[in-house]
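Notes follow the structure.
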Amino acid sequence: MVSGVEEHLTVGRVAELAGVSVRTLHHYDEIGLVQPSARTAAGYRAYSASDVERLREVLAYRRLGFALRDIADLVDDPATDAVAHLHRLRGLLLEQRDRAAAMVTAIDTELKARAMGIETTSEERLRVLGAQLYDAIGSAYPATRRTEPRIAARVWAALGDARTVLNVGAGTGSYEPPDRDVTAVEPSAVMRAQRPVGAAPCVAASAESLPFEDQSFDAAMAFSTVHHWQDPIAGLREMRRVARRVVVFTYDASTTGWLQRFWLTRDYLPEFAGLLTDWPSLADLTRAIGGHAEPVLIPWDCADGFFEAHWRRPEAYLEEDVRRAVSVWTRVGPQAEQRAVNGLRDDLSSGRWAERNRDLVALDAAELGLRLLIA
């Protein structure tokens, strides 16, 4: 009970501001999705600032088309704070906007054709809604995570002759081998929703508790995902349990001076070290699967937009779209991000970056701590 509502909003006021019915808010309360934290003296629901913030996230995901069950998973994710939700929602809304704009363009083109008496084919009509739509908007996402073929070749070769493959922490499906029978596992509803049409079937589950019998697959793979797991060692052991072969692309933060390997963490973003304070050693990671580690060099023109990808293209890190494709920037926080970006921009303008890193220009690939674990 609260005696006043100076710091709370009544259910009627929240409904009015949010553009939803009071019945909707009552339903969210009943199912535990958004439960107001207080009551007025008269017994009415009263929403605190944190309640309103949660409701905003719920309504935003709802209006993007997510089911209530998936929304609950999203807003209850302990690894995602309010800022991360805003960045995620912004990206999803931009994608929705660009898809709508591309569709409008395609429809306008067809209307012009019809006005000229030109009949469009069935294929052209379907193209408005089909896979080609993604191609039309792809240029707006230079940092979208995609398969780097040279690294993919290493991963797929490590899978050996495996025919059935479990992709753990699969995200949107990058690096899934096209010539194998793949089953994907991804806990994030946002990522599952972005998997392209025709992608491998995807199960909503976490690495630490895979819903499969022992030795269900010829191989299990995980690409650039282990650092997001609550318990990396438990997840790797689960992969070993359900598959006869394990292939993992990850990062080694146990070598002496590892933070100095990459100029971005060395000179501009020392906060990166704090993200890996409790990160298992490379020896612990390989021991969990009973395997060994191999270094993976990053080509200077890497097609995938992971954190280290632009090591010879520093200007890329000045682009917000590039940074938003990498969780590191969200995790270090906006102050560290802005300081790093400002410092890099100044050093690129003055020539200081080029002077410090002049040896990189001659390299076609760099060793930046990326490792392939194979068992």
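Residues in the structure tokens are numbered from 1 in each chain, the chains being A, B, ... in the order shown, and ligands are numbered from 1 in the order shown.
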
Taking the DSSP secondary structure from the backbone, can you list the residues of range 114-309 of chain A that are strand (DSSP E or B), as a PyMOL selection string?
chain A and resi 164-168+181-185+202-203+217-223+243-251+292-295+298-299

Selected residues written out, N, CA, C and O atoms, as a compact mmCIF listing (two decimals), in the first residue's frame:
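Saved result, part.txt, follows:
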```txt
# COMPACT_ATOMS: atom_id res chain seq x y z
N THR A 164 25.08 -34.75 -38.92
CA THR A 164 24.11 -34.04 -38.07
C THR A 164 24.88 -33.10 -37.15
O THR A 164 25.81 -33.50 -36.47
N VAL A 165 24.49 -31.83 -37.15
CA VAL A 165 25.23 -30.80 -36.42
C VAL A 165 24.27 -29.99 -35.56
O VAL A 165 23.22 -29.54 -36.03
N LEU A 166 24.63 -29.80 -34.31
CA LEU A 166 23.88 -28.93 -33.40
C LEU A 166 24.62 -27.61 -33.29
O LEU A 166 25.78 -27.58 -32.91
N ASN A 167 23.95 -26.52 -33.63
CA ASN A 167 24.54 -25.18 -33.54
C ASN A 167 24.03 -24.50 -32.28
O ASN A 167 22.87 -24.10 -32.21
N VAL A 168 24.87 -24.38 -31.27
CA VAL A 168 24.47 -23.86 -29.97
C VAL A 168 24.73 -22.35 -29.90
O VAL A 168 25.82 -21.89 -30.22
N ASP A 181 22.88 -31.62 -41.90
CA ASP A 181 21.58 -31.59 -41.23
C ASP A 181 21.76 -30.84 -39.91
O ASP A 181 22.25 -31.40 -38.93
N VAL A 182 21.36 -29.56 -39.87
CA VAL A 182 21.63 -28.69 -38.73
C VAL A 182 20.39 -28.49 -37.88
O VAL A 182 19.28 -28.29 -38.40
N THR A 183 20.58 -28.55 -36.58
CA THR A 183 19.56 -28.15 -35.61
C THR A 183 20.15 -27.01 -34.80
O THR A 183 21.29 -27.10 -34.32
N ALA A 184 19.41 -25.92 -34.68
CA ALA A 184 19.92 -24.74 -33.98
C ALA A 184 19.31 -24.63 -32.58
O ALA A 184 18.18 -25.04 -32.35
N VAL A 185 20.09 -24.05 -31.67
CA VAL A 185 19.63 -23.75 -30.31
C VAL A 185 19.91 -22.27 -30.05
O VAL A 185 21.05 -21.82 -30.21
N CYS A 202 15.01 -24.20 -35.23
CA CYS A 202 15.66 -23.62 -34.05
C CYS A 202 14.86 -23.92 -32.79
O CYS A 202 13.65 -23.72 -32.75
N VAL A 203 15.56 -24.40 -31.76
CA VAL A 203 14.97 -24.74 -30.48
C VAL A 203 15.28 -23.64 -29.47
O VAL A 203 16.42 -23.17 -29.40
N PHE A 217 24.02 -36.09 -31.67
CA PHE A 217 24.50 -35.49 -32.90
C PHE A 217 25.93 -35.95 -33.20
O PHE A 217 26.69 -36.30 -32.29
N ASP A 218 26.26 -35.89 -34.50
CA ASP A 218 27.64 -36.19 -34.88
C ASP A 218 28.58 -35.11 -34.36
O ASP A 218 29.71 -35.40 -33.95
N ALA A 219 28.11 -33.86 -34.40
CA ALA A 219 28.96 -32.75 -33.96
C ALA A 219 28.10 -31.63 -33.37
O ALA A 219 26.93 -31.48 -33.73
N ALA A 220 28.70 -30.86 -32.48
CA ALA A 220 28.07 -29.65 -31.93
C ALA A 220 29.03 -28.50 -32.16
O ALA A 220 30.24 -28.63 -31.93
N MET A 221 28.51 -27.36 -32.62
CA MET A 221 29.34 -26.19 -32.88
C MET A 221 28.78 -24.98 -32.13
O MET A 221 27.58 -24.92 -31.81
N ALA A 222 29.66 -24.04 -31.85
CA ALA A 222 29.25 -22.77 -31.23
C ALA A 222 30.17 -21.70 -31.77
O ALA A 222 31.39 -21.83 -31.69
N PHE A 223 29.60 -20.64 -32.32
CA PHE A 223 30.42 -19.60 -32.94
C PHE A 223 30.19 -18.26 -32.25
O PHE A 223 29.08 -17.71 -32.26
N ALA A 243 27.12 -34.59 -28.28
CA ALA A 243 27.74 -34.78 -29.60
C ALA A 243 29.08 -35.51 -29.48
O ALA A 243 29.77 -35.41 -28.46
N ARG A 244 29.43 -36.18 -30.54
CA ARG A 244 30.69 -36.93 -30.56
C ARG A 244 31.87 -36.03 -30.93
O ARG A 244 33.02 -36.40 -30.68
N ARG A 245 31.58 -34.88 -31.52
CA ARG A 245 32.63 -33.94 -31.91
C ARG A 245 32.17 -32.54 -31.53
O ARG A 245 30.98 -32.22 -31.62
N VAL A 246 33.10 -31.70 -31.10
CA VAL A 246 32.76 -30.34 -30.67
C VAL A 246 33.71 -29.34 -31.34
O VAL A 246 34.93 -29.55 -31.34
N VAL A 247 33.13 -28.28 -31.87
CA VAL A 247 33.91 -27.21 -32.51
C VAL A 247 33.39 -25.87 -31.98
O VAL A 247 32.20 -25.58 -32.10
N VAL A 248 34.30 -25.05 -31.40
CA VAL A 248 33.89 -23.80 -30.77
C VAL A 248 34.83 -22.67 -31.20
O VAL A 248 36.05 -22.79 -31.09
N PHE A 249 34.23 -21.58 -31.67
CA PHE A 249 34.99 -20.38 -32.01
C PHE A 249 34.84 -19.41 -30.85
O PHE A 249 33.72 -19.00 -30.52
N THR A 250 35.96 -19.06 -30.22
CA THR A 250 35.87 -18.23 -29.01
C THR A 250 37.12 -17.37 -28.87
O THR A 250 37.89 -17.21 -29.84
N TYR A 251 37.34 -16.84 -27.68
CA TYR A 251 38.39 -15.86 -27.44
C TYR A 251 39.28 -16.29 -26.29
O TYR A 251 38.80 -16.81 -25.28
N HIS A 292 41.61 -29.43 -28.03
CA HIS A 292 42.77 -28.55 -28.17
C HIS A 292 42.33 -27.25 -28.85
O HIS A 292 41.22 -27.17 -29.38
N ALA A 293 43.21 -26.24 -28.81
CA ALA A 293 42.90 -24.93 -29.38
C ALA A 293 43.82 -24.62 -30.55
O ALA A 293 45.01 -24.94 -30.51
N GLU A 294 43.25 -23.99 -31.58
CA GLU A 294 44.03 -23.55 -32.73
C GLU A 294 43.77 -22.07 -32.96
O GLU A 294 42.62 -21.62 -32.88
N PRO A 295 44.82 -21.28 -33.24
CA PRO A 295 44.60 -19.85 -33.50
C PRO A 295 43.87 -19.63 -34.82
O PRO A 295 44.05 -20.39 -35.78
N ILE A 298 42.49 -13.24 -38.35
CA ILE A 298 41.37 -12.46 -38.87
C ILE A 298 41.82 -11.71 -40.12
O ILE A 298 42.71 -10.86 -40.04
N PRO A 299 41.23 -12.00 -41.27
CA PRO A 299 41.62 -11.30 -42.50
C PRO A 299 41.29 -9.82 -42.42
O PRO A 299 40.33 -9.42 -41.76
```

Report as a list in words all protein, DNA and RNA residues lying within 12 Å of Ser50 in chain A, evaluated on only C-alpha atoms, omitting residues in the same chain fewer than 5 positions from it.
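Residues near the query, excluding close chain neighbours: Glu7, His8, Leu9, Val34, Gln35, Pro36, Ser37, Ala38, Leu55, Arg56, Glu57, Asp81 and Ala82 of chain A.
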
Keeping only C-alpha atoms, write those residues as a CSV table (one decimal), in the first residue's frame.
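To be explicit, this is the file written out as again_16.csv:
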```csv
chain,number,residue,atom,x,y,z
A,7,GLU,CA,6.1,8.8,-7.5
A,8,HIS,CA,3.5,6.4,-9.0
A,9,LEU,CA,1.0,6.5,-11.9
A,34,VAL,CA,4.0,-6.4,-15.8
A,35,GLN,CA,2.9,-6.3,-12.1
A,36,PRO,CA,2.5,-2.8,-10.5
A,37,SER,CA,4.7,-2.6,-7.4
A,38,ALA,CA,2.2,-0.7,-5.3
A,55,LEU,CA,5.8,-1.9,-19.5
A,56,ARG,CA,7.4,0.3,-22.2
A,57,GLU,CA,9.6,-2.6,-23.2
A,81,ASP,CA,19.7,-3.9,-18.9
A,82,ALA,CA,17.4,-1.0,-19.9
```

Taking the DSSP secondary structure from the backbone, can you list the residues of range 181-301 of chain A that are alpha helix (DSSP H), as an MDAnalysis selection string?
chainID A and resid 189:193 232:242 263 272:275 282:289

Please, could you write that set of residues out with N, CA, C and O atoms as an mmCIF file, in the first residue's frame?
```cif
data_model
loop_
_atom_site.group_PDB
_atom_site.id
_atom_site.type_symbol
_atom_site.label_atom_id
_atom_site.label_comp_id
_atom_site.auth_asym_id
_atom_site.auth_seq_id
_atom_site.Cartn_x
_atom_site.Cartn_y
_atom_site.Cartn_z
ATOM 1 N N ALA A 189 14.644 -14.686 -28.082
ATOM 2 C CA ALA A 189 13.522 -14.581 -29.006
ATOM 3 C C ALA A 189 13.815 -13.576 -30.115
ATOM 4 O O ALA A 189 13.377 -13.747 -31.255
ATOM 5 N N VAL A 190 14.558 -12.517 -29.789
ATOM 6 C CA VAL A 190 14.915 -11.525 -30.798
ATOM 7 C C VAL A 190 15.744 -12.168 -31.898
ATOM 8 O O VAL A 190 15.507 -11.947 -33.090
ATOM 9 N N MET A 191 16.732 -12.961 -31.528
ATOM 10 C CA MET A 191 17.578 -13.603 -32.520
ATOM 11 C C MET A 191 16.809 -14.656 -33.313
ATOM 12 O O MET A 191 16.954 -14.760 -34.539
ATOM 13 N N ARG A 192 15.985 -15.422 -32.629
ATOM 14 C CA ARG A 192 15.206 -16.443 -33.343
ATOM 15 C C ARG A 192 14.294 -15.798 -34.384
ATOM 16 O O ARG A 192 14.111 -16.322 -35.479
ATOM 17 N N ALA A 193 13.726 -14.646 -34.021
ATOM 18 C CA ALA A 193 12.813 -13.969 -34.932
ATOM 19 C C ALA A 193 13.507 -13.451 -36.181
ATOM 20 O O ALA A 193 12.861 -13.235 -37.209
ATOM 21 N N PRO A 232 29.941 -20.844 -19.005
ATOM 22 C CA PRO A 232 30.595 -21.383 -20.203
ATOM 23 C C PRO A 232 31.057 -22.827 -20.056
ATOM 24 O O PRO A 232 30.888 -23.629 -20.988
ATOM 25 N N ILE A 233 31.632 -23.159 -18.916
ATOM 26 C CA ILE A 233 32.141 -24.526 -18.737
ATOM 27 C C ILE A 233 30.994 -25.528 -18.773
ATOM 28 O O ILE A 233 31.082 -26.579 -19.431
ATOM 29 N N ALA A 234 29.898 -25.220 -18.092
ATOM 30 C CA ALA A 234 28.738 -26.120 -18.101
ATOM 31 C C ALA A 234 28.187 -26.272 -19.515
ATOM 32 O O ALA A 234 27.801 -27.380 -19.927
ATOM 33 N N GLY A 235 28.147 -25.165 -20.262
ATOM 34 C CA GLY A 235 27.650 -25.232 -21.631
ATOM 35 C C GLY A 235 28.528 -26.091 -22.524
ATOM 36 O O GLY A 235 28.031 -26.892 -23.339
ATOM 37 N N LEU A 236 29.833 -25.953 -22.385
ATOM 38 C CA LEU A 236 30.754 -26.761 -23.189
ATOM 39 C C LEU A 236 30.632 -28.246 -22.836
ATOM 40 O O LEU A 236 30.691 -29.113 -23.719
ATOM 41 N N ARG A 237 30.477 -28.528 -21.564
ATOM 42 C CA ARG A 237 30.300 -29.932 -21.158
ATOM 43 C C ARG A 237 29.008 -30.513 -21.725
ATOM 44 O O ARG A 237 28.956 -31.692 -22.088
ATOM 45 N N GLU A 238 27.968 -29.673 -21.790
ATOM 46 C CA GLU A 238 26.716 -30.120 -22.390
ATOM 47 C C GLU A 238 26.908 -30.433 -23.874
ATOM 48 O O GLU A 238 26.364 -31.423 -24.391
ATOM 49 N N MET A 239 27.666 -29.601 -24.564
ATOM 50 C CA MET A 239 27.939 -29.866 -25.975
ATOM 51 C C MET A 239 28.657 -31.202 -26.144
ATOM 52 O O MET A 239 28.342 -31.983 -27.046
ATOM 53 N N ARG A 240 29.608 -31.454 -25.259
ATOM 54 C CA ARG A 240 30.352 -32.715 -25.307
ATOM 55 C C ARG A 240 29.437 -33.897 -25.013
ATOM 56 O O ARG A 240 29.604 -34.982 -25.595
ATOM 57 N N ARG A 241 28.441 -33.677 -24.163
ATOM 58 C CA ARG A 241 27.520 -34.760 -23.812
ATOM 59 C C ARG A 241 26.635 -35.171 -24.988
ATOM 60 O O ARG A 241 26.401 -36.362 -25.213
ATOM 61 N N VAL A 242 26.163 -34.178 -25.746
ATOM 62 C CA VAL A 242 25.175 -34.483 -26.783
ATOM 63 C C VAL A 242 25.798 -34.760 -28.149
ATOM 64 O O VAL A 242 25.086 -35.135 -29.083
ATOM 65 N N TRP A 263 44.775 -2.955 -30.824
ATOM 66 C CA TRP A 263 44.938 -1.536 -30.538
ATOM 67 C C TRP A 263 43.675 -0.896 -29.949
ATOM 68 O O TRP A 263 43.746 0.055 -29.175
ATOM 69 N N PHE A 272 37.239 -3.153 -21.687
ATOM 70 C CA PHE A 272 37.014 -4.496 -22.235
ATOM 71 C C PHE A 272 37.523 -5.563 -21.263
ATOM 72 O O PHE A 272 36.931 -6.640 -21.145
ATOM 73 N N ALA A 273 38.601 -5.253 -20.561
ATOM 74 C CA ALA A 273 39.167 -6.220 -19.612
ATOM 75 C C ALA A 273 38.168 -6.578 -18.525
ATOM 76 O O ALA A 273 38.085 -7.729 -18.078
ATOM 77 N N GLY A 274 37.367 -5.595 -18.108
ATOM 78 C CA GLY A 274 36.395 -5.844 -17.059
ATOM 79 C C GLY A 274 35.297 -6.803 -17.468
ATOM 80 O O GLY A 274 34.682 -7.461 -16.615
ATOM 81 N N LEU A 275 35.053 -6.903 -18.771
ATOM 82 C CA LEU A 275 34.018 -7.818 -19.255
ATOM 83 C C LEU A 275 34.446 -9.272 -19.134
ATOM 84 O O LEU A 275 33.601 -10.175 -19.148
ATOM 85 N N LEU A 282 41.885 -20.375 -21.292
ATOM 86 C CA LEU A 282 41.811 -21.217 -22.488
ATOM 87 C C LEU A 282 41.988 -22.683 -22.121
ATOM 88 O O LEU A 282 41.324 -23.564 -22.691
ATOM 89 N N ALA A 283 42.844 -22.943 -21.140
ATOM 90 C CA ALA A 283 43.055 -24.326 -20.692
ATOM 91 C C ALA A 283 41.774 -24.911 -20.112
ATOM 92 O O ALA A 283 41.427 -26.072 -20.358
ATOM 93 N N ASP A 284 41.036 -24.096 -19.341
ATOM 94 C CA ASP A 284 39.776 -24.570 -18.764
ATOM 95 C C ASP A 284 38.743 -24.837 -19.852
ATOM 96 O O ASP A 284 37.982 -25.820 -19.777
ATOM 97 N N LEU A 285 38.698 -23.976 -20.853
ATOM 98 C CA LEU A 285 37.732 -24.148 -21.934
ATOM 99 C C LEU A 285 38.017 -25.417 -22.733
ATOM 100 O O LEU A 285 37.092 -26.196 -23.034
ATOM 101 N N THR A 286 39.283 -25.619 -23.071
ATOM 102 C CA THR A 286 39.615 -26.813 -23.848
ATOM 103 C C THR A 286 39.442 -28.074 -23.015
ATOM 104 O O THR A 286 39.036 -29.123 -23.534
ATOM 105 N N ARG A 287 39.726 -27.978 -21.724
ATOM 106 C CA ARG A 287 39.566 -29.138 -20.840
ATOM 107 C C ARG A 287 38.096 -29.547 -20.743
ATOM 108 O O ARG A 287 37.782 -30.734 -20.624
ATOM 109 N N ALA A 288 37.204 -28.581 -20.814
ATOM 110 C CA ALA A 288 35.779 -28.875 -20.687
ATOM 111 C C ALA A 288 35.264 -29.759 -21.811
ATOM 112 O O ALA A 288 34.306 -30.516 -21.635
ATOM 113 N N ILE A 289 35.900 -29.671 -22.970
ATOM 114 C CA ILE A 289 35.472 -30.514 -24.093
ATOM 115 C C ILE A 289 36.487 -31.623 -24.390
ATOM 116 O O ILE A 289 36.261 -32.447 -25.275
#
```
